[in-house]
file upload-v5.cif (mmCIF, C-alpha atoms)
data_structure
loop_
_atom_site.label_atom_id
_atom_site.label_comp_id
_atom_site.auth_asym_id
_atom_site.auth_seq_id
_atom_site.Cartn_x
_atom_site.Cartn_y
_atom_site.Cartn_z
CA MET A 498 433.34 -57.78 50.31
CA SER A 499 434.50 -54.40 51.48
CA SER A 500 433.81 -53.31 55.04
CA GLY A 501 432.09 -50.13 53.82
CA ARG A 502 429.13 -51.94 52.27
CA GLU A 503 425.94 -52.57 54.22
CA PRO A 504 425.47 -56.25 55.30
CA VAL A 505 422.97 -58.28 53.31
CA GLY A 506 421.69 -60.16 56.36
CA PHE A 507 422.42 -63.85 55.76
CA ALA A 508 424.77 -63.73 58.75
CA ASN A 509 421.57 -64.03 60.84
CA LEU A 510 420.84 -67.50 59.45
CA PRO A 511 422.28 -69.21 62.57
CA ASN A 512 419.93 -67.13 64.70
CA GLN A 513 416.98 -68.17 62.53
CA VAL A 514 417.93 -71.83 62.78
CA PHE A 515 418.34 -71.49 66.54
CA ARG A 516 414.92 -69.85 66.90
CA LYS A 517 413.20 -72.53 64.81
CA SER A 518 414.95 -75.32 66.69
CA VAL A 519 413.94 -73.93 70.05
CA GLN A 520 410.33 -73.64 68.89
CA ARG A 521 410.24 -77.26 67.70
CA GLY A 522 412.07 -78.64 70.71
CA PHE A 523 414.57 -81.46 70.71
CA GLU A 524 414.35 -85.23 70.93
CA PHE A 525 416.93 -87.62 72.31
CA THR A 526 416.74 -91.35 73.04
CA LEU A 527 419.15 -92.86 75.52
CA MET A 528 419.48 -96.59 76.18
CA VAL A 529 421.13 -98.14 79.23
CA VAL A 530 422.37 -101.73 79.09
CA GLY A 531 423.87 -103.62 81.99
CA GLN A 532 423.19 -106.04 84.76
CA SER A 533 420.85 -105.12 87.60
CA GLY A 534 422.37 -103.43 90.62
CA LEU A 535 425.00 -101.35 88.77
CA GLY A 536 423.32 -98.02 89.53
CA LYS A 537 421.82 -97.26 86.10
CA SER A 538 418.71 -95.54 87.47
CA THR A 539 420.65 -93.43 89.96
CA LEU A 540 423.13 -92.36 87.30
CA LEU A 541 420.37 -91.20 84.94
CA ASN A 542 418.76 -89.17 87.72
CA SER A 543 422.15 -87.57 88.41
CA LEU A 544 422.86 -86.92 84.71
CA PHE A 545 419.72 -84.89 84.15
CA LEU A 546 419.33 -83.57 87.72
CA ALA A 547 415.78 -84.90 87.86
CA ASP A 548 413.93 -87.68 89.60
CA ILE A 549 413.28 -89.58 86.38
CA TYR A 550 413.27 -92.91 88.19
CA THR A 551 411.76 -93.07 91.66
CA ASP A 552 411.15 -96.03 93.95
CA ALA A 553 407.39 -95.64 93.58
CA VAL A 554 407.37 -96.13 89.82
CA TYR A 555 410.72 -97.75 89.19
CA PRO A 556 411.69 -100.35 91.82
CA GLY A 557 415.29 -101.14 92.51
CA GLY A 558 417.29 -104.04 91.17
CA GLU A 559 416.43 -106.32 94.08
CA LEU A 560 412.75 -106.18 93.05
CA ARG A 561 413.35 -106.69 89.34
CA PHE A 562 414.63 -110.08 88.24
CA PRO A 563 412.66 -111.06 85.13
CA SER A 564 413.41 -114.41 83.51
CA THR A 565 414.26 -112.82 80.16
CA THR A 566 415.64 -109.52 78.89
CA LYS A 567 412.82 -107.01 78.51
CA ILE A 568 412.61 -103.59 76.92
CA GLN A 569 411.06 -100.80 78.98
CA SER A 570 410.68 -97.36 77.43
CA SER A 571 409.68 -94.17 79.20
CA THR A 572 409.52 -90.56 78.05
CA VAL A 573 409.95 -87.38 80.07
CA THR A 574 410.00 -83.76 79.00
CA LEU A 575 412.71 -81.58 80.51
CA THR A 576 413.07 -77.81 80.21
CA GLU A 577 416.27 -75.84 80.79
CA GLY A 578 416.86 -72.21 79.86
CA GLY A 579 413.79 -72.13 77.63
CA VAL A 580 414.93 -75.22 75.69
CA GLU A 581 412.58 -78.21 75.79
CA LEU A 582 414.01 -81.71 75.52
CA LYS A 583 411.83 -84.78 74.97
CA LEU A 584 413.98 -87.45 76.56
CA SER A 585 413.19 -91.10 75.86
CA LEU A 586 414.87 -93.64 78.12
CA VAL A 587 415.15 -97.31 77.20
CA ASP A 588 416.02 -99.74 79.98
CA THR A 589 416.81 -103.45 79.64
CA PRO A 590 415.78 -105.18 82.92
CA GLY A 591 416.78 -108.82 83.13
CA PHE A 592 419.91 -108.46 80.98
CA GLY A 593 422.66 -110.76 82.22
CA CYS A 594 420.63 -111.88 85.26
CA MET A 595 419.84 -115.44 84.13
CA VAL A 596 421.83 -118.59 84.75
CA ASP A 597 422.06 -119.11 80.99
CA ASN A 598 422.56 -115.73 79.27
CA THR A 599 422.80 -117.14 75.76
CA ASN A 600 421.34 -114.68 73.24
CA CYS A 601 420.06 -112.41 76.00
CA TRP A 602 420.97 -109.44 73.77
CA GLU A 603 418.49 -110.44 71.03
CA PRO A 604 415.56 -108.38 72.43
CA ILE A 605 417.85 -105.32 72.45
CA VAL A 606 418.96 -105.91 68.84
CA GLN A 607 415.34 -106.46 67.80
CA HIS A 608 414.28 -103.21 69.45
CA LEU A 609 416.99 -101.22 67.65
CA ASP A 610 416.07 -102.75 64.29
CA ASN A 611 412.38 -102.12 64.90
CA GLN A 612 413.01 -98.41 65.46
CA PHE A 613 415.00 -98.22 62.22
CA GLU A 614 412.23 -100.08 60.40
CA GLU A 615 409.52 -97.76 61.72
CA TYR A 616 411.53 -94.69 60.72
CA LEU A 617 412.19 -96.15 57.25
CA ASN A 618 408.51 -96.92 56.71
CA ALA A 619 407.47 -93.43 57.87
CA GLU A 620 410.13 -91.86 55.64
CA SER A 621 408.90 -93.82 52.61
CA GLN A 622 405.31 -92.59 52.85
CA ILE A 623 403.99 -90.33 50.11
CA ASP A 624 402.49 -87.86 52.57
CA ARG A 625 405.23 -87.32 55.15
CA VAL A 626 404.69 -85.25 58.23
CA GLN A 627 407.29 -84.48 60.86
CA LEU A 628 408.74 -87.88 61.67
CA PRO A 629 408.88 -88.87 65.33
CA ASP A 630 412.46 -89.96 65.89
CA THR A 631 412.38 -92.98 68.21
CA ARG A 632 415.76 -94.31 67.09
CA VAL A 633 418.24 -94.91 69.91
CA HIS A 634 420.94 -92.24 69.68
CA CYS A 635 423.23 -93.39 72.46
CA CYS A 636 423.75 -96.57 74.46
CA LEU A 637 425.44 -96.37 77.85
CA TYR A 638 426.87 -99.85 78.34
CA PHE A 639 427.50 -100.46 82.03
CA ILE A 640 430.51 -102.62 82.90
CA ALA A 641 430.74 -104.26 86.32
CA PRO A 642 433.89 -103.17 88.24
CA THR A 643 435.41 -106.66 88.42
CA GLY A 644 438.98 -105.56 87.73
CA HIS A 645 439.44 -108.39 85.20
CA GLY A 646 438.39 -106.73 81.95
CA LEU A 647 435.28 -107.43 79.92
CA LYS A 648 433.20 -110.53 80.47
CA PRO A 649 432.43 -112.78 77.46
CA LEU A 650 428.82 -111.61 77.71
CA ASP A 651 429.93 -107.96 77.47
CA VAL A 652 432.13 -108.69 74.47
CA GLU A 653 429.44 -110.53 72.52
CA CYS A 654 426.70 -108.03 73.35
CA MET A 655 428.80 -105.02 72.33
CA ARG A 656 429.76 -106.78 69.09
CA GLN A 657 426.07 -107.22 68.32
CA LEU A 658 425.21 -103.60 69.15
CA HIS A 659 428.11 -101.52 67.83
CA THR A 660 426.82 -101.58 64.22
CA ARG A 661 423.38 -100.38 65.32
CA VAL A 662 423.94 -97.75 68.01
CA ASN A 663 426.58 -95.40 69.41
CA ILE A 664 428.10 -97.29 72.34
CA VAL A 665 429.60 -95.34 75.22
CA PRO A 666 431.24 -97.74 77.71
CA VAL A 667 430.71 -96.88 81.36
CA ILE A 668 432.40 -98.49 84.34
CA ALA A 669 429.83 -98.58 87.13
CA LYS A 670 430.43 -97.95 90.82
CA ALA A 671 433.80 -96.27 90.45
CA ASP A 672 433.80 -95.54 94.18
CA THR A 673 434.47 -99.24 94.87
CA MET A 674 437.97 -98.99 93.34
CA THR A 675 441.08 -97.00 94.11
CA ALA A 676 442.46 -94.59 91.52
CA GLU A 677 445.20 -97.04 90.51
CA GLU A 678 442.75 -99.95 90.25
CA CYS A 679 440.43 -97.81 88.15
CA GLN A 680 443.19 -96.86 85.68
CA ASP A 681 444.36 -100.47 85.35
CA PHE A 682 440.80 -101.64 84.79
CA LYS A 683 440.26 -98.97 82.10
CA LYS A 684 443.35 -100.20 80.24
CA LYS A 685 442.13 -103.79 80.36
CA VAL A 686 438.68 -102.78 79.09
CA LEU A 687 440.16 -100.78 76.18
CA GLU A 688 442.46 -103.67 75.31
CA ASP A 689 439.51 -106.06 75.19
CA ILE A 690 437.53 -103.59 73.08
CA HIS A 691 440.32 -103.20 70.51
CA ALA A 692 441.17 -106.93 70.52
CA ASN A 693 437.55 -107.83 69.63
CA ASP A 694 437.16 -105.06 66.99
CA ILE A 695 434.37 -103.37 68.93
CA GLN A 696 433.60 -99.88 67.65
CA ILE A 697 432.70 -97.52 70.45
CA HIS A 698 431.61 -93.99 69.70
CA ASP A 699 434.50 -91.70 68.82
CA PHE A 700 433.69 -88.20 70.02
CA PRO A 701 434.83 -85.69 67.36
CA ASP A 702 436.73 -82.49 68.14
CA PHE A 703 434.55 -79.38 68.08
CA GLY A 704 436.98 -77.02 69.79
CA GLU A 705 437.15 -73.62 68.16
CA ASP A 706 440.27 -72.68 70.09
CA GLU A 707 443.23 -74.55 71.48
CA GLU A 708 442.03 -74.43 75.07
CA GLU A 709 438.64 -75.95 74.24
CA ALA A 710 440.22 -78.59 72.01
CA GLN A 711 442.57 -79.51 74.84
CA PHE A 712 439.63 -79.82 77.25
CA ASN A 713 437.74 -82.08 74.82
CA GLN A 714 440.81 -84.26 74.40
CA GLN A 715 441.15 -84.61 78.16
CA MET A 716 437.53 -85.70 78.38
CA LYS A 717 437.99 -88.22 75.55
CA ASP A 718 441.04 -89.67 77.29
CA ARG A 719 438.79 -90.70 80.18
CA VAL A 720 436.92 -93.27 78.03
CA PRO A 721 435.65 -95.66 79.32
CA PHE A 722 434.06 -93.36 81.86
CA ALA A 723 434.30 -94.60 85.45
CA VAL A 724 431.24 -93.13 87.12
CA MET A 725 429.05 -93.30 90.16
CA GLY A 726 425.67 -91.78 90.89
CA SER A 727 423.95 -90.40 93.95
CA SER A 728 420.72 -88.63 94.73
CA SER A 729 421.92 -87.43 98.15
CA LEU A 730 423.08 -83.87 98.77
CA LEU A 731 425.89 -83.69 101.32
CA SER A 732 427.63 -80.73 102.95
CA VAL A 733 431.36 -80.58 102.24
CA GLU A 734 433.24 -77.48 103.38
CA ALA A 735 430.09 -75.35 103.29
CA ARG A 736 429.23 -76.68 99.82
CA LYS A 737 426.25 -78.78 98.81
CA VAL A 738 427.43 -81.64 96.62
CA ARG A 739 426.01 -84.87 95.31
CA GLY A 740 427.99 -87.75 96.68
CA ARG A 741 428.33 -90.76 98.91
CA ASN A 742 429.49 -90.60 102.50
CA TYR A 743 432.16 -93.07 103.64
CA PRO A 744 434.16 -93.39 106.86
CA TRP A 745 437.22 -92.10 105.01
CA GLY A 746 435.40 -89.12 103.48
CA VAL A 747 432.90 -88.11 100.82
CA ALA A 748 433.06 -89.38 97.24
CA GLU A 749 431.75 -86.49 95.14
CA VAL A 750 429.85 -87.35 92.00
CA GLU A 751 430.83 -84.20 90.08
CA ASN A 752 434.47 -84.16 91.14
CA LEU A 753 436.79 -85.30 88.32
CA GLU A 754 439.34 -86.39 90.88
CA HIS A 755 436.84 -88.90 92.25
CA CYS A 756 435.11 -90.19 89.09
CA ASP A 757 434.39 -89.34 85.44
CA PHE A 758 430.75 -88.37 85.90
CA SER A 759 431.29 -84.75 84.84
CA ALA A 760 433.25 -85.87 81.78
CA LEU A 761 430.45 -88.24 80.75
CA ARG A 762 427.81 -85.54 81.14
CA ALA A 763 429.94 -83.01 79.26
CA MET A 764 430.57 -85.32 76.30
CA VAL A 765 427.13 -86.91 76.01
CA ILE A 766 424.87 -83.97 76.85
CA ARG A 767 426.64 -80.61 76.77
CA THR A 768 428.90 -80.91 73.70
CA HIS A 769 428.09 -84.01 71.63
CA MET A 770 424.37 -84.73 71.92
CA GLN A 771 423.67 -83.43 68.41
CA ASP A 772 426.68 -85.34 67.09
CA LEU A 773 425.25 -88.56 68.54
CA LYS A 774 421.97 -87.91 66.73
CA GLU A 775 423.70 -87.13 63.44
CA THR A 776 425.94 -90.19 63.69
CA THR A 777 422.87 -92.33 64.30
CA HIS A 778 421.23 -90.92 61.17
CA ARG A 779 424.25 -90.79 58.87
CA LYS A 780 425.95 -94.02 59.89
CA HIS A 781 423.78 -96.57 61.65
CA TYR A 782 420.45 -95.73 60.02
CA GLU A 783 421.99 -95.42 56.56
CA ASN A 784 423.69 -98.80 56.99
CA TYR A 785 420.37 -100.36 57.97
CA ARG A 786 418.56 -98.61 55.11
CA TYR A 787 421.16 -99.73 52.57
CA ALA A 788 421.07 -103.34 53.79
CA LYS A 789 417.27 -103.32 53.76
CA LEU A 790 416.97 -101.92 50.25
CA ALA A 791 419.79 -104.12 48.97
CA SER A 792 418.10 -107.24 50.27
CA THR A 793 414.82 -106.10 48.72
CA SER A 794 416.55 -105.53 45.38
CA SER A 795 418.27 -108.92 45.46
CA LYS A 796 414.90 -110.64 45.86
CA GLY A 797 413.65 -109.04 42.65
CA GLY A 798 416.30 -110.53 40.34
CA ALA A 799 419.14 -109.06 38.30
CA GLY A 800 417.23 -106.01 37.07
CA ALA A 801 415.78 -105.17 40.45
CA GLY A 802 418.77 -103.05 41.39
CA GLU A 803 417.74 -100.36 38.91
CA SER A 804 414.13 -100.17 40.07
CA ASN A 805 412.68 -97.47 42.24
CA PRO A 806 413.21 -98.17 45.96
CA LEU A 807 409.79 -96.71 46.75
CA SER A 808 408.11 -99.12 44.37
CA GLN A 809 410.06 -101.96 45.93
CA LEU A 810 408.87 -100.87 49.35
CA GLU A 811 405.33 -100.70 48.01
CA GLU A 812 405.63 -104.25 46.66
CA GLU A 813 407.03 -105.37 49.96
CA LYS A 814 404.10 -103.70 51.68
CA LYS A 815 401.67 -105.52 49.40
CA GLU A 816 403.44 -108.79 50.09
CA HIS A 817 403.22 -108.07 53.79
CA THR A 818 399.50 -107.26 53.45
CA THR A 819 398.92 -110.53 51.58
CA LYS A 820 400.83 -112.41 54.23
CA MET A 821 398.77 -110.75 56.96
CA LYS A 822 395.54 -111.70 55.16
CA MET A 823 396.72 -115.30 54.91
CA MET A 824 397.57 -115.28 58.59
CA GLN A 825 394.15 -113.81 59.36
CA SER A 826 392.48 -116.50 57.27
CA GLU A 827 394.47 -119.20 59.04
CA MET A 828 393.60 -117.70 62.39
CA GLU A 829 389.91 -117.62 61.45
CA THR A 830 390.11 -121.26 60.33
CA VAL A 831 391.78 -122.26 63.57
CA PHE A 832 389.21 -120.26 65.52
CA GLU A 833 386.36 -121.95 63.65
CA MET A 834 387.91 -125.36 64.30
CA LYS A 835 388.20 -124.58 68.00
CA VAL A 836 384.60 -123.35 68.10
CA ASN A 837 383.41 -126.52 66.37
CA GLU A 838 385.43 -128.64 68.78
CA LYS A 839 383.89 -126.75 71.67
CA LYS A 840 380.39 -127.23 70.22
CA LYS A 841 381.03 -130.96 69.72
CA LYS A 842 382.28 -131.23 73.27
CA LEU A 843 379.19 -129.43 74.57
CA LEU A 844 376.92 -131.68 72.47
CA ASP A 845 378.72 -134.77 73.77
CA MET A 846 378.30 -133.50 77.30
CA GLU A 847 374.61 -132.84 76.64
CA ALA A 848 374.15 -136.35 75.17
CA ASP A 849 375.96 -137.86 78.13
CA LEU A 850 373.74 -135.95 80.53
CA GLU A 851 370.68 -137.13 78.58
CA ARG A 852 371.88 -140.73 78.78
CA ARG A 853 372.48 -140.41 82.48
CA ARG A 854 369.04 -138.85 82.93
CA GLU A 855 367.38 -141.68 80.99
CA ALA A 856 369.32 -144.25 83.01
CA MET A 857 368.28 -142.57 86.24
CA LYS A 858 364.66 -142.41 85.04
CA THR A 859 364.70 -146.09 84.12
CA LYS A 860 366.23 -146.98 87.46
CA LEU A 861 363.61 -144.97 89.32
CA GLU A 862 360.79 -146.51 87.31
CA LYS A 863 362.17 -149.98 88.02
CA GLU A 864 362.47 -149.19 91.72
CA GLU A 865 358.91 -147.81 91.69
CA GLN A 866 357.65 -150.96 89.98
CA GLU A 867 359.47 -153.14 92.51
CA LEU A 868 357.99 -151.05 95.30
CA ASP A 869 354.47 -151.48 93.84
CA GLU A 870 355.00 -155.23 93.57
CA ARG A 871 356.21 -155.35 97.15
CA MET A 872 353.12 -153.35 98.22
CA GLU A 873 350.85 -155.77 96.35
CA GLN A 874 352.65 -158.70 97.94
CA LEU A 875 352.30 -157.03 101.30
CA ASP A 876 348.54 -156.53 100.74
CA ALA A 877 348.21 -160.15 99.69
CA ASP A 878 350.17 -161.33 102.71
CA LYS A 879 348.01 -159.08 104.88
CA GLY A 880 344.80 -160.64 103.41
CA VAL A 881 346.11 -164.15 104.02
CA PHE A 882 347.10 -163.20 107.55
CA GLU A 883 343.71 -161.66 108.25
CA ALA A 884 341.95 -164.74 106.85
CA GLN A 885 344.06 -166.99 109.00
CA GLN A 886 343.39 -164.75 111.99
CA ARG A 887 339.64 -164.94 111.40
CA LYS A 888 339.83 -168.74 111.02
CA TYR A 889 341.90 -168.92 114.18
CA ASP A 890 339.36 -166.78 116.03
CA GLN A 891 336.50 -168.94 114.72
CA ASP A 892 338.28 -172.12 115.76
CA ASN A 893 338.90 -170.71 119.23
CA GLU A 894 335.26 -169.65 119.52
CA ALA A 895 334.08 -173.08 118.43
CA LEU A 896 336.42 -174.72 120.90
CA ARG A 897 335.15 -172.53 123.72
CA ASN A 898 331.55 -173.31 122.81
CA ALA A 899 332.26 -177.00 122.72
CA THR A 900 333.93 -176.85 126.10
CA ARG A 901 330.98 -174.98 127.66
CA GLY A 902 328.60 -177.52 126.15
CA ARG A 903 330.34 -180.42 127.84
CA GLU A 904 330.42 -178.71 131.21
CA LYS A 905 326.65 -177.91 131.43
CA PRO A 906 325.21 -181.53 131.58
CA GLY A 907 327.54 -182.49 134.46
CA LYS A 908 326.32 -179.65 136.54
CA GLY A 909 322.65 -180.64 136.04
CA LYS A 910 323.08 -184.27 137.09
CA LYS A 911 324.81 -183.32 140.26
CA GLY A 912 322.03 -181.08 141.38
CA LYS A 913 319.31 -183.68 140.70
CA HIS A 914 321.07 -186.36 142.70
CA SER A 915 321.20 -184.13 145.69
#

call {"tool": "encode", "arguments": {"input": "upload-v5.cif", "output": "structure tokens"}}
result
Amino acid sequence: MSSGREPVGFANLPNQVFRKSVQRGFEFTLMVVGQSGLGKSTLLNSLFLADIYTDAVYPGGELRFPSTTKIQSSTVTLTEGGVELKLSLVDTPGFGCMVDNTNCWEPIVQHLDNQFEEYLNAESQIDRVQLPDTRVHCCLYFIAPTGHGLKPLDVECMRQLHTRVNIVPVIAKADTMTAEECQDFKKKVLEDIHANDIQIHDFPDFGEDEEEAQFNQQMKDRVPFAVMGSSSLLSVEARKVRGRNYPWGVAEVENLEHCDFSALRAMVIRTHMQDLKETTHRKHYENYRYAKLASTSSKGGAGAGESNPLSQLEEEKKEHTTKMKMMQSEMETVFEMKVNEKKKKLLDMEADLERRREAMKTKLEKEEQELDERMEQLDADKGVFEAQQRKYDQDNEALRNATRGREKPGKGKKGKHS
């Protein structure tokens, strides 16, 4: 095309895409995995320069020791330079905190698969609207600064996750190690990662010039990132910096000579956030989708591989609906059985109360009858006593009369003789 001709205008396509993207906003889901007390919450606050986690709504590690690994999701909306980001954070409290950590990664794996399943179901609908993307785009795996390489728990968990999510290994609390110790520990971690065939996210080169490509390579060479976080602003040589104050000086969070925090933020947020989303869609989601559809096809027999995947999903949906109806019927049966058992128990209690009432009534009637008999006996005894008393009184009266009768003649004779 000669330079003298007037431009057609398709060179403005990037501007159109940019304008549409800014209007829609952006979504990003970040997962943090690691034991409690490694500074995950503080690091996230430092990464996005926001109080995403505060003590009032997100207690520290000393207050959170659940008995099993749990999944806690939270969403915040951040705005920077007119660009709106819907940030979803997925935390895993309780991971690695039990005495027996066998299969403690299963809730994490289940959560990742569930997000893929929800996206696949929404994508397979006939009437599709804008799909909410809740898939996890990046997983910051926090490694304790032990100096001895990866723990067996870290190795097994990363092997379970690396086919489902982009893993970015992070060495926590870098300020607890010297520079030499940090470099040696990084080498041991990388050796363990390669020895166990763990696939961590490989940041691609986007540099348009040699200087930018060199900068990106320097940032990639810092993997695994040794980081620290801080929410405190300190004054250092008339500068306000985020860091931690020690007797020997200040460890600055955003100083590459002190830790790799700036490199982590540059690679995950500033330069490769969209790449993380695309890798999630092209690689991890497609692998899940292929495995899901392949397993569905294998259930249908030899000719199922040539059938329509949507029809297979529809059949699977019908099968799921039938299964849910059966479960509902079983639940209703169990509920009815429990209700009948409760009714029987209540009837038995009512019959028992009736028996006890009848027994009490009989006992009272018997006691009343015995009391009446005792009253009759008492009346009879009273009549006998009164009769005896009257006879006794009569006998005494007769005796007194007889005594007076004998005394009167003696008195008369004596008077006559005189």

call {"tool": "resolve_selection", "arguments": {"input": "upload-v5.cif", "expression": "the PyMOL selection byres ((chain A and resi 785) around 12)", "output": "PyMOL selection string"}}
result
chain A and resi 609-617+632+660-662+777-784+786-792

call {"tool": "atom_distance", "arguments": {"input": "upload-v5.cif", "atom1": "CA of Leu546 (chain A)", "atom2": "CA of Lys517 (chain A)"}}
result
26.2 Å

call {"tool": "residues_around", "arguments": {"input": "upload-v5.cif", "residues": "region 650-657 of chain A", "least_positions_apart": "5", "cutoff": "8 Å", "atoms": "all atoms listed in the file", "output": "PyMOL selection string"}}
result
chain A and resi 593+598+602+606+640+664+689-690+693-695

call {"tool": "residues_near_point", "arguments": {"input": "upload-v5.cif", "point": "(421.9, -88.8, 67.5)", "cutoff": "10 Å", "atoms": "only C-alpha atoms", "output": "list in words"}}
result
Glu524, Phe525, Thr526, Leu527, Asp630, Arg632, Val633, His634, Cys635, Val662, Asn663, His769, Met770, Gln771, Asp772, Leu773, Lys774, Glu775, Thr776, Thr777, His778, Arg779 and His781 of chain A

call {"tool": "atom_distance", "arguments": {"input": "upload-v5.cif", "atom1": "CA of Thr566 (chain A)", "atom2": "CA of Ala547 (chain A)"}}
result
26.2 Å

call {"tool": "atom_distance", "arguments": {"input": "upload-v5.cif", "atom1": "CA of Gly740 (chain A)", "atom2": "CA of Glu708 (chain A)"}}
result
29.0 Å

call {"tool": "closest_residue", "arguments": {"input": "upload-v5.cif", "among": "A:Cys636, A:Met821, A:Thr643, A:Gly579", "to": "Gly522 (chain A)", "atoms": "only C-alpha atoms"}}
result
A:Gly579

call {"tool": "resolve_selection", "arguments": {"input": "upload-v5.cif", "expression": "the PyMOL selection byres ((chain A and resi 748) around 12)", "output": "PyMOL selection string"}}
result
chain A and resi 670-675+724-727+729-733+738-747+749-758

call {"tool": "build_atoms", "arguments": {"input": "upload-v5.cif", "residues": "region 662-674 of chain A", "atoms": "N, CA and C atoms", "output": "compact mmCIF listing (two decimals), in the frame of the given file"}}
result
# COMPACT_ATOMS: atom_id res chain seq x y z
N VAL A 662 424.13 -98.86 67.09
CA VAL A 662 423.94 -97.75 68.01
C VAL A 662 425.31 -97.25 68.46
N ASN A 663 425.34 -95.99 68.88
CA ASN A 663 426.58 -95.40 69.41
C ASN A 663 426.80 -95.91 70.84
N ILE A 664 427.83 -96.71 71.03
CA ILE A 664 428.10 -97.29 72.34
C ILE A 664 429.08 -96.40 73.09
N VAL A 665 428.72 -96.07 74.31
CA VAL A 665 429.60 -95.34 75.22
C VAL A 665 429.83 -96.24 76.44
N PRO A 666 431.00 -96.84 76.57
CA PRO A 666 431.24 -97.74 77.71
C PRO A 666 431.37 -96.97 79.01
N VAL A 667 430.73 -97.52 80.04
CA VAL A 667 430.71 -96.88 81.36
C VAL A 667 431.06 -97.92 82.41
N ILE A 668 432.04 -97.62 83.23
CA ILE A 668 432.40 -98.49 84.34
C ILE A 668 431.59 -98.04 85.56
N ALA A 669 430.75 -98.93 86.04
CA ALA A 669 429.83 -98.58 87.13
C ALA A 669 430.54 -98.65 88.48
N LYS A 670 429.98 -97.93 89.43
CA LYS A 670 430.43 -97.95 90.82
C LYS A 670 431.94 -97.73 90.95
N ALA A 671 432.38 -96.59 90.41
CA ALA A 671 433.80 -96.27 90.45
C ALA A 671 434.29 -96.06 91.87
N ASP A 672 433.38 -95.78 92.81
CA ASP A 672 433.80 -95.54 94.18
C ASP A 672 434.19 -96.82 94.91
N THR A 673 434.05 -97.98 94.25
CA THR A 673 434.47 -99.24 94.87
C THR A 673 435.91 -99.59 94.53
N MET A 674 436.59 -98.73 93.74
CA MET A 674 437.97 -98.99 93.34
C MET A 674 438.85 -97.81 93.71
